[in-house]
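Coordinates from coords13.cif are shown below (mmCIF, C-alpha atoms and all ligand atoms).
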```cif
data_protein
#
loop_
_atom_site.label_atom_id
_atom_site.label_comp_id
_atom_site.auth_asym_id
_atom_site.auth_seq_id
_atom_site.Cartn_x
_atom_site.Cartn_y
_atom_site.Cartn_z
CA MET O 1 5.57 18.67 3.54
CA GLY O 2 7.88 20.35 5.99
CA ALA O 3 10.08 18.72 8.55
CA PHE O 4 8.22 16.24 10.64
CA ALA O 5 8.84 16.77 14.32
CA ALA O 6 11.27 14.34 15.91
CA HIS O 7 8.92 13.50 18.78
CA GLU O 8 6.17 12.68 16.29
CA VAL O 9 8.53 10.36 14.42
CA ALA O 10 9.31 8.63 17.71
CA ARG O 11 5.61 8.28 18.53
CA LEU O 12 4.78 6.68 15.18
CA PHE O 13 7.82 4.45 15.48
CA ARG O 14 6.76 3.14 18.86
CA LEU O 15 3.19 2.63 17.66
CA HIS O 16 3.81 0.98 14.29
CA GLY O 17 7.51 0.04 14.26
CA PRO O 18 7.10 -3.36 15.94
CA GLN O 19 4.41 -4.34 13.46
CA VAL O 20 6.54 -3.35 10.45
CA TYR O 21 9.57 -5.17 11.87
CA ARG O 22 7.64 -8.30 12.72
CA ARG O 23 6.27 -8.41 9.21
CA ALA O 24 9.62 -7.71 7.57
CA LEU O 25 11.09 -10.55 9.61
CA ARG O 26 8.46 -12.95 8.32
CA LEU O 27 8.83 -11.77 4.75
CA LEU O 28 12.62 -11.56 4.62
CA GLY O 29 13.54 -14.32 7.02
CA ASN O 30 16.49 -12.72 8.81
CA PRO O 31 16.96 -9.90 11.38
CA THR O 32 19.60 -7.97 9.43
CA ASP O 33 17.44 -7.51 6.35
CA ALA O 34 14.38 -6.92 8.52
CA GLU O 35 16.07 -4.11 10.42
CA GLU O 36 17.13 -2.41 7.21
CA ALA O 37 13.60 -2.79 5.86
CA LEU O 38 12.22 -1.27 9.06
CA GLN O 39 14.33 1.85 8.46
CA ASP O 40 13.48 2.08 4.78
CA VAL O 41 9.75 1.52 5.29
CA PHE O 42 9.67 4.11 8.05
CA LEU O 43 11.27 6.73 5.85
CA LYS O 44 8.56 6.05 3.27
CA ILE O 45 5.95 6.38 5.98
CA LEU O 46 7.33 9.75 7.02
CA ASP O 47 7.15 10.98 3.43
CA ARG O 48 3.50 10.07 3.19
CA VAL O 49 2.36 10.56 6.71
CA ASP O 50 -0.85 12.30 5.64
CA ASP O 51 -2.14 8.95 4.42
CA PHE O 52 -2.59 8.09 8.06
CA ASP O 53 -6.19 8.61 8.92
CA ASP O 54 -8.23 6.12 10.83
CA GLN O 55 -6.34 3.17 12.20
CA GLY O 56 -7.94 0.54 10.02
CA LYS O 57 -6.82 2.27 6.84
CA THR O 58 -3.42 3.03 8.32
CA LEU O 59 -2.93 -0.64 9.02
CA ASN O 60 -3.77 -1.64 5.45
CA TRP O 61 -1.48 1.05 4.14
CA LEU O 62 1.38 -0.19 6.32
CA TYR O 63 0.77 -3.74 5.18
CA ARG O 64 0.93 -2.74 1.54
CA ILE O 65 3.99 -0.54 1.87
CA THR O 66 5.88 -3.15 3.92
CA THR O 67 4.86 -6.00 1.62
CA ASN O 68 5.88 -4.22 -1.55
CA HIS O 69 9.14 -3.02 -0.06
CA CYS O 70 10.09 -6.50 1.16
CA LEU O 71 9.09 -8.11 -2.14
CA ASN O 72 11.45 -5.71 -3.90
CA VAL O 73 14.22 -6.67 -1.48
CA ILE O 74 13.59 -10.36 -2.16
CA ARG O 75 13.61 -9.78 -5.92
CA GLY O 76 16.87 -7.87 -5.70
CA ARG O 77 18.71 -10.50 -3.72
CA LYS O 78 21.91 -11.50 -5.46
CA ARG O 79 22.19 -14.99 -4.19
CA ARG O 80 19.09 -16.97 -4.58
CA LEU O 81 18.72 -20.58 -3.86
CA ALA O 82 17.93 -22.66 -6.86
CA LEU O 83 14.41 -23.88 -6.30
CA SER O 84 15.82 -27.39 -6.33
CA GLU O 85 18.06 -26.50 -3.35
CA ALA O 86 15.22 -24.93 -1.45
CA PHE O 87 12.68 -27.55 -2.20
CA ARG O 88 13.28 -31.23 -2.38
CA VAL O 89 10.22 -33.27 -2.73
CA ALA O 90 9.80 -36.98 -2.70
CA PRO O 91 7.79 -38.37 -5.57
CA GLN O 92 4.14 -37.86 -4.68
CA ARG O 93 0.89 -39.35 -5.71
CA ALA O 94 -0.92 -36.88 -7.94
CA ASP O 95 -3.66 -36.23 -5.35
CA HIS O 96 -1.27 -35.69 -2.46
CA ALA O 97 -0.58 -32.12 -1.44
CA VAL O 98 3.06 -31.11 -0.99
CA ALA O 99 3.89 -28.83 1.93
CA VAL O 100 5.58 -25.52 1.12
CA ASP O 101 7.34 -23.83 4.04
CA GLN O 102 8.25 -20.17 4.51
CA SER O 103 11.73 -20.36 3.01
CA VAL O 104 10.45 -22.01 -0.16
CA LEU O 105 7.54 -19.58 -0.35
CA ARG O 106 10.06 -16.72 -0.13
CA GLU O 107 12.04 -18.12 -3.06
CA LEU O 108 8.83 -18.38 -5.03
CA LEU O 109 7.79 -14.81 -4.16
CA GLY O 110 11.06 -13.49 -5.58
CA ARG O 111 10.36 -15.07 -8.95
CA ALA O 112 6.58 -14.78 -9.28
CA ASP O 113 4.54 -12.15 -11.08
CA PRO O 114 4.55 -9.10 -8.74
CA ARG O 115 0.76 -8.84 -8.38
CA GLU O 116 0.38 -12.55 -7.76
CA ALA O 117 3.27 -12.44 -5.30
CA GLU O 118 1.60 -9.64 -3.33
CA ALA O 119 -1.63 -11.63 -3.17
CA ALA O 120 0.29 -14.74 -2.10
CA VAL O 121 1.91 -12.81 0.77
CA TYR O 122 -1.46 -11.77 2.15
CA VAL O 123 -3.15 -15.14 1.72
CA HIS O 124 -0.40 -17.76 2.08
CA LEU O 125 1.93 -15.98 4.51
CA ASP O 126 -0.41 -13.74 6.53
CA GLY O 127 -3.35 -16.11 6.42
CA MET O 128 -5.89 -13.58 5.16
CA SER O 129 -9.18 -14.60 3.60
CA TYR O 130 -9.80 -13.39 0.05
CA SER O 131 -12.21 -10.77 1.34
CA GLU O 132 -9.64 -9.52 3.87
CA ALA O 133 -6.95 -9.28 1.18
CA ALA O 134 -9.19 -7.65 -1.44
CA PRO O 135 -9.02 -4.04 -0.15
CA LEU O 136 -5.25 -4.26 0.23
CA LEU O 137 -4.87 -5.29 -3.38
CA GLY O 138 -7.50 -2.85 -4.59
CA VAL O 139 -9.40 -5.60 -6.38
CA SER O 140 -12.51 -7.69 -5.83
CA LYS O 141 -12.56 -10.82 -3.70
CA ARG O 142 -12.97 -12.87 -6.86
CA THR O 143 -9.88 -11.30 -8.42
CA VAL O 144 -7.89 -12.21 -5.30
CA GLY O 145 -8.99 -15.81 -5.88
CA ASN O 146 -7.84 -15.58 -9.49
CA LEU O 147 -4.46 -14.15 -8.49
CA ILE O 148 -3.94 -16.94 -5.96
CA ALA O 149 -5.02 -19.62 -8.42
CA ARG O 150 -2.52 -18.28 -10.96
CA PHE O 151 0.23 -18.12 -8.33
CA ASP O 152 -0.45 -21.66 -7.14
CA ALA O 153 -0.51 -23.07 -10.66
CA TRP O 154 2.71 -21.28 -11.54
CA ALA O 155 4.37 -22.40 -8.28
CA ALA O 156 3.40 -26.02 -8.86
CA VAL O 157 5.09 -25.92 -12.26
CA ALA O 158 8.13 -24.05 -10.91
CA LEU O 159 8.60 -26.56 -8.10
CA GLY O 160 7.47 -29.61 -10.03
CA GLY O 161 10.40 -29.31 -12.39
CA THR O 162 12.82 -29.85 -9.52
CA SER O 163 11.51 -32.99 -7.91
CA MET Q 1 1.22 -31.49 -8.07
CA LYS Q 2 -0.93 -29.85 -5.44
CA LEU Q 3 0.76 -27.46 -3.01
CA ASP Q 4 -0.13 -26.91 0.61
CA PHE Q 5 0.93 -23.53 1.99
CA SER Q 6 -0.45 -24.03 5.49
CA ALA Q 7 3.05 -24.57 6.93
CA ALA Q 8 4.04 -21.10 5.73
CA ARG Q 9 1.11 -19.16 7.15
CA ALA Q 10 0.82 -17.57 10.54
CA GLY Q 11 -1.47 -19.56 12.82
CA GLN Q 12 -3.52 -22.56 11.80
CA ALA Q 13 -6.19 -22.78 9.13
CA GLY Q 14 -9.20 -21.04 10.67
CA CYS Q 15 -7.06 -18.81 12.90
CA PRO Q 16 -7.20 -15.04 12.39
CA SER Q 17 -4.66 -13.54 10.01
CA GLU Q 18 -1.69 -11.48 11.14
CA ARG Q 19 -3.54 -8.40 9.99
CA THR Q 20 -6.58 -9.24 12.08
CA LEU Q 21 -4.44 -9.69 15.19
CA ASP Q 22 -2.58 -6.44 14.49
CA ALA Q 23 -5.92 -4.68 14.07
CA LEU Q 24 -7.23 -6.26 17.27
CA HIS Q 25 -4.18 -4.98 19.12
CA LEU Q 26 -4.59 -1.46 17.68
CA GLY Q 27 -8.31 -1.42 18.45
CA ALA Q 28 -9.03 -0.97 14.75
CA LEU Q 29 -11.55 -3.76 14.19
CA PRO Q 30 -15.28 -3.18 13.80
CA GLU Q 31 -17.15 -4.43 16.87
CA ASP Q 32 -18.45 -7.70 15.37
CA GLU Q 33 -15.03 -8.66 14.03
CA ARG Q 34 -13.39 -7.61 17.27
CA ALA Q 35 -15.70 -9.83 19.29
CA ALA Q 36 -15.13 -12.80 16.96
CA ALA Q 37 -11.35 -12.39 17.01
CA ALA Q 38 -11.24 -11.95 20.78
CA ALA Q 39 -13.37 -15.08 21.26
CA HIS Q 40 -11.04 -17.07 19.02
CA VAL Q 41 -7.92 -15.84 20.81
CA ALA Q 42 -9.47 -16.73 24.18
CA GLY Q 43 -9.89 -20.33 23.04
CA CYS Q 44 -6.70 -20.81 20.98
CA GLY Q 45 -3.31 -21.10 22.65
CA ASP Q 46 -1.45 -20.41 19.39
CA CYS Q 47 -3.24 -17.16 18.76
CA ALA Q 48 -3.03 -16.09 22.39
CA ALA Q 49 0.75 -16.43 22.06
CA ARG Q 50 0.77 -14.54 18.75
CA LEU Q 51 -1.27 -11.70 20.24
CA ALA Q 52 0.91 -11.60 23.36
CA GLU Q 53 3.97 -11.19 21.15
CA ILE Q 54 2.32 -8.35 19.23
CA GLN Q 55 1.42 -6.67 22.52
CA GLN Q 56 5.03 -6.78 23.66
CA GLY Q 57 6.05 -4.45 20.85
CA PHE Q 58 9.80 -4.20 20.35
CA GLN Q 59 10.40 -6.13 23.57
CA ALA Q 60 9.52 -9.29 21.67
CA PHE Q 61 12.72 -8.86 19.65
CA ALA Q 62 15.69 -9.08 21.98
CA SER Q 63 18.26 -8.69 19.22
CA LEU Q 64 16.85 -5.40 17.94
CA ASP Q 65 18.19 -2.15 19.39
CA GLU Q 66 15.11 -0.02 18.80
CA ARG Q 67 16.72 3.21 20.05
CA ALA Q 68 19.58 2.84 17.58
CA VAL Q 69 17.13 2.14 14.75
CA LEU Q 70 15.00 5.16 15.67
CA ALA Q 71 18.06 7.41 15.83
CA ARG Q 72 19.14 6.17 12.40
CA ILE Q 73 15.67 6.82 10.97
CA GLN Q 74 15.59 10.33 12.41
CA THR Q 75 19.03 11.10 10.96
CA ARG Q 76 18.13 9.79 7.54
CA HIS Q 77 14.80 11.64 7.65
CA ALA Q 78 16.54 14.91 8.51
CA GLU Q 79 19.04 14.38 5.69
CA ALA Q 80 16.24 13.72 3.24
CA GLN Q 81 14.43 16.88 4.38
CA ALA Q 82 17.58 18.91 3.82
CA ARG Q 83 17.80 17.78 0.23
CA ARG Q 84 14.92 18.92 -1.94
CA PRO Q 85 12.73 15.90 -2.45
CA TRP Q 86 12.61 14.85 -6.06
CA TRP Q 87 8.92 14.41 -5.63
CA ARG Q 88 7.44 17.70 -6.64
CA PHE Q 89 4.17 17.41 -4.84
CA ALA Q 90 4.39 17.84 -1.13
CA TRP Q 91 1.71 15.99 0.73
CA LEU Q 92 -0.14 17.87 3.37
CA ALA Q 93 -0.69 16.61 6.84
CA LEU Q 94 -4.43 16.76 7.29
CA PRO Q 95 -6.37 16.53 10.52
CA VAL Q 96 -7.78 13.16 11.42
CA GLY Q 97 -10.98 12.12 9.71
CA ALA Q 98 -12.66 13.06 6.50
CA ALA Q 99 -14.98 15.61 8.09
CA ALA Q 100 -12.10 17.59 9.52
CA ALA Q 101 -10.26 17.43 6.23
CA LEU Q 102 -13.28 18.81 4.43
CA ALA Q 103 -13.64 21.62 6.92
CA VAL Q 104 -10.09 22.67 6.21
CA PHE Q 105 -10.87 22.84 2.56
CA ALA Q 106 -14.32 24.35 2.89
CA LEU Q 107 -15.26 21.93 0.20
CA ARG Q 108 -18.65 20.35 0.11
CA PRO Q 109 -18.63 17.18 -1.91
CA GLY Q 110 -22.35 16.55 -1.49
CA PRO Q 111 -23.81 13.09 -1.74
CA VAL Q 112 -22.41 10.70 -4.29
CA ASP Q 113 -24.72 10.60 -7.29
CA PRO Q 114 -25.72 7.21 -8.56
CA VAL Q 115 -24.49 6.59 -12.07
CA GLU Q 116 -27.07 7.41 -14.69
CA PRO Q 117 -28.57 4.41 -16.43
CA PRO Q 118 -26.89 3.45 -19.70
CA GLY Q 119 -28.09 5.48 -22.62
CA VAL Q 120 -28.68 8.67 -20.67
CA ARG Q 121 -25.05 9.60 -20.95
CA ALA Q 122 -22.97 8.23 -23.79
CA LYS Q 123 -19.57 8.86 -22.27
CA GLY Q 124 -18.70 6.04 -19.89
CA GLY Q 125 -15.15 6.81 -18.87
CA ALA Q 126 -13.78 7.77 -15.49
CA VAL Q 127 -13.21 11.49 -14.96
CA LEU Q 128 -10.62 13.22 -12.79
CA ARG Q 129 -11.72 16.56 -11.34
CA VAL Q 130 -9.48 18.87 -9.38
CA MET Q 131 -10.44 21.30 -6.61
CA ARG Q 132 -8.00 24.07 -5.84
CA GLN Q 133 -7.73 26.06 -2.66
CA ARG Q 134 -5.53 29.14 -2.58
CA GLY Q 135 -4.84 30.76 0.78
CA GLU Q 136 -8.00 30.94 2.85
CA ALA Q 137 -10.34 31.31 -0.13
CA PRO Q 138 -12.98 28.63 -0.60
CA ALA Q 139 -12.00 25.72 -2.79
CA GLU Q 140 -13.00 25.94 -6.43
CA GLU Q 141 -13.02 23.43 -9.21
CA ILE Q 142 -10.44 24.13 -11.90
CA LEU Q 143 -10.21 22.91 -15.45
CA SER Q 144 -7.30 21.03 -16.95
CA GLY Q 145 -4.64 23.54 -18.06
CA ALA Q 146 -5.62 26.13 -15.45
CA ALA Q 147 -2.70 28.05 -13.97
CA CYS Q 148 -1.73 27.23 -10.40
CA GLN Q 149 0.88 28.62 -8.07
CA ALA Q 150 3.23 27.20 -5.52
CA GLY Q 151 1.32 26.74 -2.27
CA ASP Q 152 -2.00 25.98 -3.97
CA ARG Q 153 -3.62 22.96 -2.43
CA LEU Q 154 -5.26 20.47 -4.72
CA ARG Q 155 -7.81 17.83 -3.92
CA PHE Q 156 -9.10 15.22 -6.29
CA VAL Q 157 -12.65 14.22 -7.02
CA VAL Q 158 -13.46 11.29 -9.29
CA ASP Q 159 -16.49 10.29 -11.32
CA LEU Q 160 -16.58 6.57 -11.89
CA PRO Q 161 -18.88 4.77 -14.32
CA ALA Q 162 -18.51 1.44 -12.55
CA ALA Q 163 -16.80 -0.22 -9.63
CA GLY Q 164 -13.12 -0.87 -10.13
CA ALA Q 165 -9.53 -0.32 -9.11
CA VAL Q 166 -8.51 3.34 -9.08
CA ARG Q 167 -5.13 5.08 -9.07
CA ILE Q 168 -4.03 8.64 -9.60
CA VAL Q 169 -0.52 8.95 -11.01
CA ALA Q 170 1.72 11.77 -12.20
CA ARG Q 171 4.26 11.81 -14.97
CA GLY Q 172 7.72 11.63 -13.42
CA GLU Q 173 11.20 11.63 -14.89
CA GLY Q 174 11.54 9.82 -18.19
CA ASP Q 175 7.83 8.98 -18.60
CA ALA Q 176 7.80 7.10 -15.30
CA LEU Q 177 4.38 6.99 -13.64
CA VAL Q 178 4.64 8.10 -10.05
CA PRO Q 179 1.83 7.25 -7.63
CA VAL Q 180 -0.06 10.25 -6.27
CA TRP Q 181 -2.84 8.29 -4.64
CA PRO Q 182 -2.89 5.75 -3.14
CA ALA Q 183 0.78 5.51 -2.15
CA VAL Q 184 1.00 1.95 -3.35
CA GLY Q 185 -1.27 -0.29 -5.37
CA ALA Q 186 -4.77 0.79 -6.26
CA GLU Q 187 -7.92 1.57 -4.32
CA ALA Q 188 -11.12 -0.37 -4.86
CA MET Q 189 -13.98 2.11 -5.35
CA GLY Q 190 -17.62 1.84 -6.20
CA PRO Q 191 -19.40 3.62 -9.02
CA GLY Q 192 -20.63 7.17 -8.60
CA ARG Q 193 -19.89 10.76 -9.36
CA GLY Q 194 -18.25 13.29 -7.07
CA GLN Q 195 -16.28 10.86 -4.93
CA VAL Q 196 -13.72 12.81 -2.95
CA VAL Q 197 -10.26 11.28 -2.70
CA PRO Q 198 -8.80 11.50 0.83
CA GLY Q 199 -5.78 13.74 1.37
CA ALA Q 200 -4.55 16.66 -0.67
CA VAL Q 201 -1.40 17.83 -2.36
CA ALA Q 202 0.28 21.20 -2.10
CA LEU Q 203 2.02 22.43 -5.22
CA ASP Q 204 5.66 23.22 -4.63
CA ASP Q 205 7.78 25.73 -6.54
CA ALA Q 206 9.47 23.34 -8.95
CA GLY Q 207 9.21 24.58 -12.53
CA GLY Q 208 7.09 23.10 -15.28
CA ASP Q 209 3.66 21.62 -15.57
CA GLU Q 210 2.32 18.53 -13.89
CA ARG Q 211 0.47 15.92 -15.88
CA LEU Q 212 -1.85 13.76 -13.82
CA PHE Q 213 -3.80 10.70 -14.82
CA LEU Q 214 -6.74 8.96 -13.25
CA ILE Q 215 -6.72 5.27 -14.11
CA HIS Q 216 -9.84 3.22 -13.58
CA CYS Q 217 -9.95 -0.47 -14.33
CA ALA Q 218 -12.93 -2.74 -14.05
CA GLY Q 219 -11.65 -6.29 -13.86
CA ALA Q 220 -8.12 -5.51 -15.03
CA GLU Q 221 -5.07 -4.42 -13.09
CA PRO Q 222 -4.32 -0.73 -13.48
CA ALA Q 223 -0.85 -1.32 -14.91
CA CYS Q 224 -0.47 1.40 -17.56
CA THR Q 225 2.55 2.73 -19.38
CA LEU Q 226 3.25 6.25 -20.56
CA ALA Q 227 4.95 7.31 -23.77
CA GLY Q 228 5.01 11.08 -24.26
CA ASP Q 229 1.50 12.24 -23.45
CA ALA Q 230 -0.17 8.96 -24.33
CA LEU Q 231 -1.15 6.52 -21.63
CA THR Q 232 -1.58 2.89 -22.64
CA CYS Q 233 -3.67 0.73 -20.33
CA PRO Q 234 -5.00 -2.83 -20.43
CA SER Q 235 -8.44 -3.33 -21.92
CA GLY Q 236 -11.11 -2.83 -19.31
CA CYS Q 237 -9.41 0.37 -18.16
CA THR Q 238 -10.23 3.99 -18.83
CA SER Q 239 -8.13 6.98 -17.98
CA SER Q 240 -8.53 10.70 -17.66
CA ALA Q 241 -5.66 13.20 -17.96
CA PHE Q 242 -5.35 16.52 -16.17
CA VAL Q 243 -2.68 19.18 -16.63
CA VAL Q 244 -1.76 21.48 -13.78
CA ARG Q 245 0.09 24.51 -15.16
CA ARG Q 246 2.51 26.28 -12.88
CA ASP Q 247 2.54 30.05 -13.06
CA PRO Q 248 5.10 32.07 -11.18
CA ALA Q 249 3.57 33.64 -8.08
CA PRO Q 250 2.64 37.33 -8.68
ZN ZN O 301 -5.95 -19.60 16.57
#
```

What does this structure look like when you write it as structure tokens?
Amino acid sequence: MGAFAAHEVARLFRLHGPQVYRRALRLLGNPTDAEEALQDVFLKILDRVDDFDDQGKTLNWLYRITTNHCLNVIRGRKRRLALSEAFRVAPQRADHAVAVDQSVLRELLGRADPREAEAAVYVHLDGMSYSEAAPLLGVSKRTVGNLIARFDAWAAVALGGTS
Amino acid sequence: MKLDFSAARAGQAGCPSERTLDALHLGALPEDERAAAAAHVAGCGDCAARLAEIQQGFQAFASLDERAVLARIQTRHAEAQARRPWWRFAWLALPVGAAAALAVFALRPGPVDPVEPPGVRAKGGAVLRVMRQRGEAPAEEILSGAACQAGDRLRFVVDLPAAGAVRIVARGEGDALVPVWPAVGAEAMGPGRGQVVPGAVALDDAGGDERLFLIHCAGAEPACTLAGDALTCPSGCTSSAFVVRRDPAP
């Protein structure tokens, strides 16, 4: 693809930039990393701008590209909190659910299986239903449920060892 | 130990997802979903605030200098354009909508055939087919190994024996698999023959042949590895290889 006109870049940036930034902020947790992610994701968008067709598909595509980029950033972070630093839990009754906040979820995402982590972003962080997340993951609704079940089981073990 | 992620998610349980609110803002929801989301937002203070923030665009983020970020993106984009991209397929910008894209390619996919019942056709694997358009000539289907030239535009058509996750990848440096379509992840597709993949690639003038693979997985994740010419995929997956030979332009 040839050079993409500067005014077209600006138009796409105004239209989709806030959404990418907002998402990167949620995923990464700080404005510095989010701003860098916004730049990086936009350069990827400009390389593949033909994937933009109708707005619904464009949105899903942006979600996937931003999610995967940010997950890579999280995985590459040098300093990670030990899960025990991030997550301190009082002894619980077995039937009592333990709340996981965004910063702990982020630490988990950096360590989890990549596919399960992507599913967990859509469901646990974005609040999507399994059927809403299914087309983004390219799998059936049932498979989304399986990915989430595996993530949750793994996370419980990962966090349980620290209490 | 049972975990509760509701503190991490946007909105409350039962509130629309971030994606739904983004889609509502962009006007990208189907009418029934749009009406349901709008009704929820009208009655939920949390979601009204979330939507208002989305509608503010960059103004919601006081600390971000959007003009500086845009300038940086444009500079980096121009620098990247000046270098030859390592990616040897250049994606074409196609007009909006599948119908317009097909008009450009003068390619008639026809209706998607239902899959023949089992037993009629022994071979059950997914098949990658390639349509080539050269100049203004009508698109024609080419066979694997056919010679192509720089500037040829290629579109992909897939025959799928069953529903599943689909990816098209190319062999990159050092047996890496590079996504051709979709850009990330895999696309969920139904069964049927002659399904046209959106978008097209234009062949650039890099030397050498291109080896493409269609990966189709029913129930498994399409995570395959390449060693030489051999693609290894999880069970439940089938693949189909296609070689695009590059001939020097006459
Ligand atoms: Zn709400």

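Taking atom CA of Pro222 of chain Q as the reference point, atom CA of Arg77 of chain O is found at 26.9 Å.
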
List as a ChimeraX atom specification the protein and nucleic acid residues near Arg23 of chain O, meaning an atom at most 9 Å away when all atoms listed in the file are counted, but skip any in the same chain fewer than 2 places from it.
/O:18-21,25-28,34,63,66-67,126 /Q:18

Between atom CA of Leu59 of chain O and atom CA of His77 of chain Q - distance in Å to one decimal
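Computing the Euclidean distance for atom CA of His77 of chain Q and atom CA of Leu59 of chain O yields 21.6 Å.
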
What does the distance between atom CA of Asn60 of chain O and atom CA of His16 of chain O come to in Å, to one decimal place?
11.9 Å

Please tabulate, as a Markdown table, the residues of chain Q that come within 7 Å of ligand ZN 301 (chain O), each with its closest pair of atoms and the distance in Å to one decimal, counting only C-alpha atoms and all ligand atoms and ordering rows by chain, then residue number upward.
```
| residue | atom | partner | partner_atom | distance |
| --- | --- | --- | --- | --- |
| Q:Gly11 | CA | O:ZN301 | ZN | 5.8 |
| Q:Gln12 | CA | O:ZN301 | ZN | 6.1 |
| Q:Gly14 | CA | O:ZN301 | ZN | 6.9 |
| Q:Cys15 | CA | O:ZN301 | ZN | 3.9 |
| Q:Pro16 | CA | O:ZN301 | ZN | 6.3 |
| Q:His40 | CA | O:ZN301 | ZN | 6.2 |
| Q:Val41 | CA | O:ZN301 | ZN | 6.0 |
| Q:Cys44 | CA | O:ZN301 | ZN | 4.6 |
| Q:Gly45 | CA | O:ZN301 | ZN | 6.8 |
| Q:Asp46 | CA | O:ZN301 | ZN | 5.4 |
| Q:Cys47 | CA | O:ZN301 | ZN | 4.3 |
```

Show me the residues around (-6.0, 1.1, -2.4) - criterion: an atom at most 9 Å away, only C-alpha atoms counted - as a VMD selection string.
(chain O and resid 60 to 61 64 135 to 139) or (chain Q and resid 165 to 167 181 to 189)

May I have the protein, DNA and RNA residues with any atom at most 12 Å from the point (-13.2, -7.8, 18.4), counting all atoms listed in the file, written as a list of chain:residue names?
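Result, sorted by chain then residue number: Q:Pro16, Q:Thr20, Q:Leu21, Q:Asp22, Q:Ala23, Q:Leu24, Q:His25, Q:Leu26, Q:Gly27, Q:Ala28, Q:Leu29, Q:Pro30, Q:Glu31, Q:Asp32, Q:Glu33, Q:Arg34, Q:Ala35, Q:Ala36, Q:Ala37, Q:Ala38, Q:Ala39, Q:His40, Q:Val41, Q:Ala42.
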
Could you check which of Q:Leu143, Q:Val197, Q:Leu212, Q:Val130 is closest to chain O, using all atoms listed in the file?
Q:Val197

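Shortest atom-to-atom contact with chain O among Q:Asp204, Q:Asp159, Q:Glu210, Q:Asp247: Q:Asp204, counting all atoms listed in the file.
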
Quick one: everything within 12 Å of Ser63 of chain Q, counting all atoms listed in the file, minus sequence neighbours fewer than 5 positions away in the same chain. Send it as number ranges by chain.
O: 21, 30-32, 34-35; Q: 58, 68-69

Near Asp209 of chain Q, within 12 Å and counting only C-alpha atoms, which residues show up once chain neighbours fewer than 2 positions away are dropped, as a ChimeraX atom specification?
/Q:88-89,144-150,170-172,203-207,211-212,242-248

Considering only C-alpha atoms, state which residue in the set O:Arg22, O:Lys57, O:Arg75, O:Val9 is at the smallest distance from Ala60 of chain Q.
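Nearest to Ala60 of chain Q: O:Arg22.
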
Spatial neighbours of Arg111 of chain O, max dist 10 Å, only C-alpha atoms, sep filter under 2 positions, as a PyMOL selection string
chain O and resi 71+74-75+80+106-109+113-114+117+155+158

As AutoDock Vina command-line options, please report the centre and edge lengths, rounded to one decimal in Å, of the axis-aligned box that holds all listed atoms of segment 112-123 of chain O with 4 Å of padding on each of the six sides.
```
--center_x 1.7 --center_y -12.0 --center_z -4.5 --size_x 17.7 --size_y 14.3 --size_z 21.2
```

Nearest to chain O, chosen from Q:Asp152, Q:Glu141, Q:Glu221, Q:Glu173, with only C-alpha atoms counted in the distances:
Q:Glu221

Who sits within 12 Å of Leu147 of chain O, only C-alpha atoms, same chain under 6 positions skipped, as number ranges by chain:
O: 112-124, 130, 133-134, 137, 139-141, 153-154; Q: 219-221

Pick from O:Ile65, O:Val144, O:Cys70, O:Val41: nearest to chain Q, with only C-alpha atoms counted?
O:Ile65
